[in-house]
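Please read the structure below before turning to the comments.
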Amino acid sequence: MEGVQFATLTDIITKAWSDKSTKDYKMFKGLKRQNLRDNMTNTELILNMLAEASTKDISAAISPKNFEESKTVARQGGNVARVARLELEAKTGKKVVSSINAKTPSKSLAEKKKRENNDSI
(Lines give C-alpha, C1' and ligand atoms only; values in the text may rest on other atoms or scores of the structure.)
Protein backbone atom coordinates (compact mmCIF):
# COMPACT_ATOMS: atom_id res chain seq x y z
CA MET A 1 0.00 0.00 0.00
CA GLU A 2 1.30 3.45 -0.88
CA GLY A 3 2.25 5.93 1.85
CA VAL A 4 -0.57 8.30 0.90
CA GLN A 5 -3.15 5.51 1.08
CA PHE A 6 -1.78 4.37 4.44
CA ALA A 7 -1.96 7.94 5.77
CA THR A 8 -5.52 8.28 4.47
CA LEU A 9 -6.61 5.07 6.20
CA THR A 10 -4.88 6.14 9.43
CA ASP A 11 -6.73 9.45 9.26
CA ILE A 12 -10.07 7.69 8.68
CA ILE A 13 -9.47 5.39 11.67
CA THR A 14 -8.45 8.33 13.90
CA LYS A 15 -11.43 10.46 12.87
CA ALA A 16 -13.83 7.55 13.36
CA TRP A 17 -12.85 6.93 16.98
CA SER A 18 -11.81 10.40 18.17
CA ASP A 19 -14.02 12.71 16.05
CA LYS A 20 -10.84 14.53 14.97
CA SER A 21 -8.71 14.21 11.87
CA THR A 22 -5.05 13.46 12.59
CA LYS A 23 -4.19 17.07 11.69
CA ASP A 24 -6.90 18.49 13.98
CA TYR A 25 -5.88 16.13 16.78
CA LYS A 26 -2.25 17.28 16.54
CA MET A 27 -3.36 20.93 16.55
CA PHE A 28 -5.60 20.26 19.57
CA LYS A 29 -2.57 18.89 21.43
CA GLY A 30 -0.36 21.78 20.29
CA LEU A 31 1.94 19.53 18.25
CA LYS A 32 3.88 20.51 15.15
CA ARG A 33 6.37 17.85 14.10
CA GLN A 34 5.96 15.57 17.11
CA ASN A 35 4.41 12.14 16.80
CA LEU A 36 0.76 12.08 17.84
CA ARG A 37 0.95 8.60 19.39
CA ASP A 38 3.88 9.68 21.58
CA ASN A 39 1.66 12.44 22.96
CA MET A 40 -1.50 10.46 23.70
CA THR A 41 -2.72 9.63 27.18
CA ASN A 42 -2.88 5.94 28.04
CA THR A 43 -6.61 5.84 27.34
CA GLU A 44 -6.22 7.61 24.00
CA LEU A 45 -3.45 5.20 23.02
CA ILE A 46 -5.49 2.16 24.05
CA LEU A 47 -8.51 3.32 22.02
CA ASN A 48 -6.27 4.09 19.05
CA MET A 49 -4.80 0.59 19.28
CA LEU A 50 -8.31 -0.91 19.59
CA ALA A 51 -9.32 0.97 16.42
CA GLU A 52 -6.24 -0.26 14.55
CA ALA A 53 -6.58 -3.86 15.75
CA SER A 54 -10.30 -3.88 14.94
CA THR A 55 -9.57 -2.56 11.45
CA LYS A 56 -6.94 -5.26 10.91
CA ASP A 57 -9.29 -8.00 12.13
CA ILE A 58 -12.23 -6.78 10.03
CA SER A 59 -9.94 -6.52 7.02
CA ALA A 60 -8.73 -10.09 7.53
CA ALA A 61 -12.33 -11.30 7.84
CA ILE A 62 -13.70 -9.63 4.71
CA SER A 63 -10.59 -9.12 2.52
CA PRO A 64 -11.32 -5.72 0.95
CA LYS A 65 -10.77 -5.80 -2.81
CA ASN A 66 -9.79 -2.17 -3.36
CA PHE A 67 -8.95 1.09 -1.63
CA GLU A 68 -12.60 2.16 -1.36
CA GLU A 69 -13.46 -1.05 0.48
CA SER A 70 -10.37 -0.55 2.69
CA LYS A 71 -11.67 2.91 3.62
CA THR A 72 -15.00 1.38 4.65
CA VAL A 73 -13.15 -1.18 6.80
CA ALA A 74 -11.10 1.64 8.38
CA ARG A 75 -14.33 3.44 9.36
CA GLN A 76 -15.77 0.24 10.80
CA GLY A 77 -12.63 -0.48 12.83
CA GLY A 78 -12.49 3.08 14.12
CA ASN A 79 -16.15 2.87 15.06
CA VAL A 80 -15.46 -0.06 17.39
CA ALA A 81 -13.19 2.22 19.44
CA ARG A 82 -15.64 5.12 19.10
CA VAL A 83 -18.35 3.06 20.78
CA ALA A 84 -15.91 2.24 23.61
CA ARG A 85 -14.90 5.92 23.93
CA LEU A 86 -18.49 7.12 24.11
CA GLU A 87 -19.36 4.46 26.68
CA LEU A 88 -16.37 5.41 28.84
CA GLU A 89 -17.20 9.11 28.58
CA ALA A 90 -20.80 8.38 29.57
CA LYS A 91 -19.68 6.36 32.60
CA THR A 92 -17.00 8.83 33.78
CA GLY A 93 -18.46 12.15 32.67
CA LYS A 94 -15.04 13.06 31.25
CA LYS A 95 -13.76 13.54 27.72
CA VAL A 96 -11.20 10.96 26.59
CA VAL A 97 -9.60 13.04 23.85
CA SER A 98 -7.28 15.34 25.77
CA SER A 99 -5.00 18.28 25.00
CA ILE A 100 -2.38 16.77 27.33
CA ASN A 101 0.88 16.07 25.51
CA ALA A 102 4.37 14.83 26.39
CA LYS A 103 5.66 18.40 26.76
CA THR A 104 3.20 19.16 29.55
CA PRO A 105 5.37 19.52 32.70
CA SER A 106 4.56 17.06 35.48
CA LYS A 107 3.14 19.72 37.80
CA SER A 108 1.09 21.25 34.99
CA LEU A 109 0.11 17.79 33.84
CA ALA A 110 -1.30 16.93 37.27
CA GLU A 111 -3.18 20.24 37.40
CA LYS A 112 -4.47 19.79 33.85
CA LYS A 113 -5.65 16.24 34.57
CA LYS A 114 -7.40 17.48 37.71
CA ARG A 115 -9.16 20.20 35.70
CA GLU A 116 -10.12 17.70 33.00
CA ASN A 117 -11.46 15.34 35.65
CA ASN A 118 -13.72 18.13 36.77
CA ASP A 119 -14.85 18.98 33.23
CA SER A 120 -18.16 17.54 32.25
CA ILE A 121 -19.00 16.30 28.80
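To be explicit about the labels: the chains of the C-alpha coordinates are called A, B, and onward in the order shown, and within each one the residues are counted from 1, while ligands get numbers from 1 in the order they are shown.
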Within 12 Å of stretch 40-43 of chain A using only C-alpha atoms, minus same-chain residues under 3 positions, as number ranges by chain: A: 18, 25-26, 28-31, 34-37, 46-50, 81, 84-85, 88-89, 94-104, 109, 113
DSSP alpha helix (DSSP H) selection over stretch 9-108 of chain A, as a PyMOL selection string: chain A and resi 9-18+22-28+42-62+67-92+106-108
Shell of 12 Å around A:Ile13, only C-alpha atoms, local chain residues under 5 positions omitted, as an NGL selection string: :A and (6-8 or 18-22 or 47-56 or 70-82)
Print the selection's residues with N, CA and C atoms to a file, as an mmCIF file, in the first residue's frame.
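Listing of again32.cif after writing:
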```
data_model
loop_
_atom_site.group_PDB
_atom_site.id
_atom_site.type_symbol
_atom_site.label_atom_id
_atom_site.label_comp_id
_atom_site.auth_asym_id
_atom_site.auth_seq_id
_atom_site.Cartn_x
_atom_site.Cartn_y
_atom_site.Cartn_z
ATOM 1 N N PHE A 6 -1.922 4.735 3.037
ATOM 2 C CA PHE A 6 -1.780 4.368 4.445
ATOM 3 C C PHE A 6 -2.141 5.551 5.336
ATOM 4 N N ALA A 7 -1.645 6.740 4.998
ATOM 5 C CA ALA A 7 -1.955 7.945 5.774
ATOM 6 C C ALA A 7 -3.449 8.241 5.742
ATOM 7 N N THR A 8 -4.076 8.043 4.592
ATOM 8 C CA THR A 8 -5.517 8.275 4.467
ATOM 9 C C THR A 8 -6.295 7.323 5.361
ATOM 10 N N SER A 18 -12.065 9.224 17.328
ATOM 11 C CA SER A 18 -11.815 10.402 18.167
ATOM 12 C C SER A 18 -12.639 11.623 17.774
ATOM 13 N N ASP A 19 -13.295 11.567 16.617
ATOM 14 C CA ASP A 19 -14.022 12.710 16.049
ATOM 15 C C ASP A 19 -13.092 13.839 15.611
ATOM 16 N N LYS A 20 -11.798 13.536 15.450
ATOM 17 C CA LYS A 20 -10.839 14.534 14.974
ATOM 18 C C LYS A 20 -9.960 13.904 13.901
ATOM 19 N N SER A 21 -9.695 14.681 12.852
ATOM 20 C CA SER A 21 -8.713 14.210 11.875
ATOM 21 C C SER A 21 -7.353 14.193 12.570
ATOM 22 N N THR A 22 -6.388 13.499 12.007
ATOM 23 C CA THR A 22 -5.053 13.463 12.589
ATOM 24 C C THR A 22 -4.488 14.880 12.703
ATOM 25 N N LEU A 47 -7.399 3.242 22.987
ATOM 26 C CA LEU A 47 -8.509 3.321 22.022
ATOM 27 C C LEU A 47 -7.984 3.363 20.593
ATOM 28 N N ASN A 48 -6.878 4.052 20.376
ATOM 29 C CA ASN A 48 -6.270 4.088 19.046
ATOM 30 C C ASN A 48 -5.836 2.680 18.629
ATOM 31 N N MET A 49 -5.232 1.958 19.574
ATOM 32 C CA MET A 49 -4.801 0.588 19.282
ATOM 33 C C MET A 49 -5.996 -0.327 19.041
ATOM 34 N N LEU A 50 -7.085 -0.131 19.806
ATOM 35 C CA LEU A 50 -8.312 -0.907 19.585
ATOM 36 C C LEU A 50 -8.847 -0.644 18.179
ATOM 37 N N ALA A 51 -8.846 0.615 17.765
ATOM 38 C CA ALA A 51 -9.324 0.975 16.422
ATOM 39 C C ALA A 51 -8.464 0.305 15.344
ATOM 40 N N GLU A 52 -7.138 0.347 15.530
ATOM 41 C CA GLU A 52 -6.236 -0.260 14.545
ATOM 42 C C GLU A 52 -6.388 -1.776 14.512
ATOM 43 N N ALA A 53 -6.444 -2.402 15.687
ATOM 44 C CA ALA A 53 -6.579 -3.860 15.749
ATOM 45 C C ALA A 53 -7.923 -4.304 15.171
ATOM 46 N N SER A 54 -8.977 -3.553 15.479
ATOM 47 C CA SER A 54 -10.298 -3.879 14.942
ATOM 48 C C SER A 54 -10.307 -3.771 13.425
ATOM 49 N N THR A 55 -9.662 -2.732 12.906
ATOM 50 C CA THR A 55 -9.573 -2.557 11.452
ATOM 51 C C THR A 55 -8.834 -3.728 10.824
ATOM 52 N N LYS A 56 -7.724 -4.132 11.431
ATOM 53 C CA LYS A 56 -6.937 -5.263 10.912
ATOM 54 C C LYS A 56 -7.774 -6.538 10.916
ATOM 55 N N SER A 70 -11.290 -0.703 1.546
ATOM 56 C CA SER A 70 -10.375 -0.548 2.686
ATOM 57 C C SER A 70 -10.762 0.658 3.526
ATOM 58 N N LYS A 71 -11.236 1.729 2.880
ATOM 59 C CA LYS A 71 -11.673 2.913 3.620
ATOM 60 C C LYS A 71 -12.920 2.593 4.457
ATOM 61 N N THR A 72 -13.809 1.794 3.904
ATOM 62 C CA THR A 72 -15.000 1.376 4.651
ATOM 63 C C THR A 72 -14.593 0.555 5.872
ATOM 64 N N VAL A 73 -13.653 -0.360 5.692
ATOM 65 C CA VAL A 73 -13.153 -1.182 6.801
ATOM 66 C C VAL A 73 -12.505 -0.289 7.859
ATOM 67 N N ALA A 74 -11.756 0.713 7.434
ATOM 68 C CA ALA A 74 -11.105 1.636 8.377
ATOM 69 C C ALA A 74 -12.150 2.356 9.231
ATOM 70 N N ARG A 75 -13.245 2.791 8.610
ATOM 71 C CA ARG A 75 -14.333 3.445 9.358
ATOM 72 C C ARG A 75 -14.960 2.477 10.356
ATOM 73 N N GLN A 76 -15.163 1.245 9.921
ATOM 74 C CA GLN A 76 -15.773 0.239 10.801
ATOM 75 C C GLN A 76 -14.862 -0.059 11.993
ATOM 76 N N GLY A 77 -13.579 -0.209 11.747
ATOM 77 C CA GLY A 77 -12.629 -0.480 12.828
ATOM 78 C C GLY A 77 -12.554 0.686 13.795
ATOM 79 N N GLY A 78 -12.508 1.898 13.263
ATOM 80 C CA GLY A 78 -12.492 3.078 14.116
ATOM 81 C C GLY A 78 -13.755 3.204 14.932
ATOM 82 N N ASN A 79 -14.863 2.775 14.357
ATOM 83 C CA ASN A 79 -16.146 2.868 15.057
ATOM 84 C C ASN A 79 -16.206 1.951 16.277
ATOM 85 N N VAL A 80 -15.509 0.830 16.229
ATOM 86 C CA VAL A 80 -15.465 -0.063 17.389
ATOM 87 C C VAL A 80 -14.897 0.709 18.588
ATOM 88 N N ALA A 81 -13.805 1.438 18.359
ATOM 89 C CA ALA A 81 -13.191 2.218 19.437
ATOM 90 C C ALA A 81 -14.040 3.436 19.797
ATOM 91 N N ARG A 82 -14.750 3.981 18.822
ATOM 92 C CA ARG A 82 -15.645 5.122 19.102
ATOM 93 C C ARG A 82 -16.729 4.721 20.099
#
```
Two-atom distance - atom CA of A:Glu87, atom CA of A:Lys23 (Å):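 Answer for the atom CA of A:Glu87 to atom CA of A:Lys23 separation: 24.8 Å.
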Point-to-point distance in Å for atom CA of A:Gln5 and atom CA of A:Phe67: 7.8 Å
Coordinates-based distance that separates atom CA of A:Ala90 from atom CA of A:Asp38 (Å, one decimal):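 Going from atom CA of A:Asp38 over to atom CA of A:Ala90, I get 26.0 Å.
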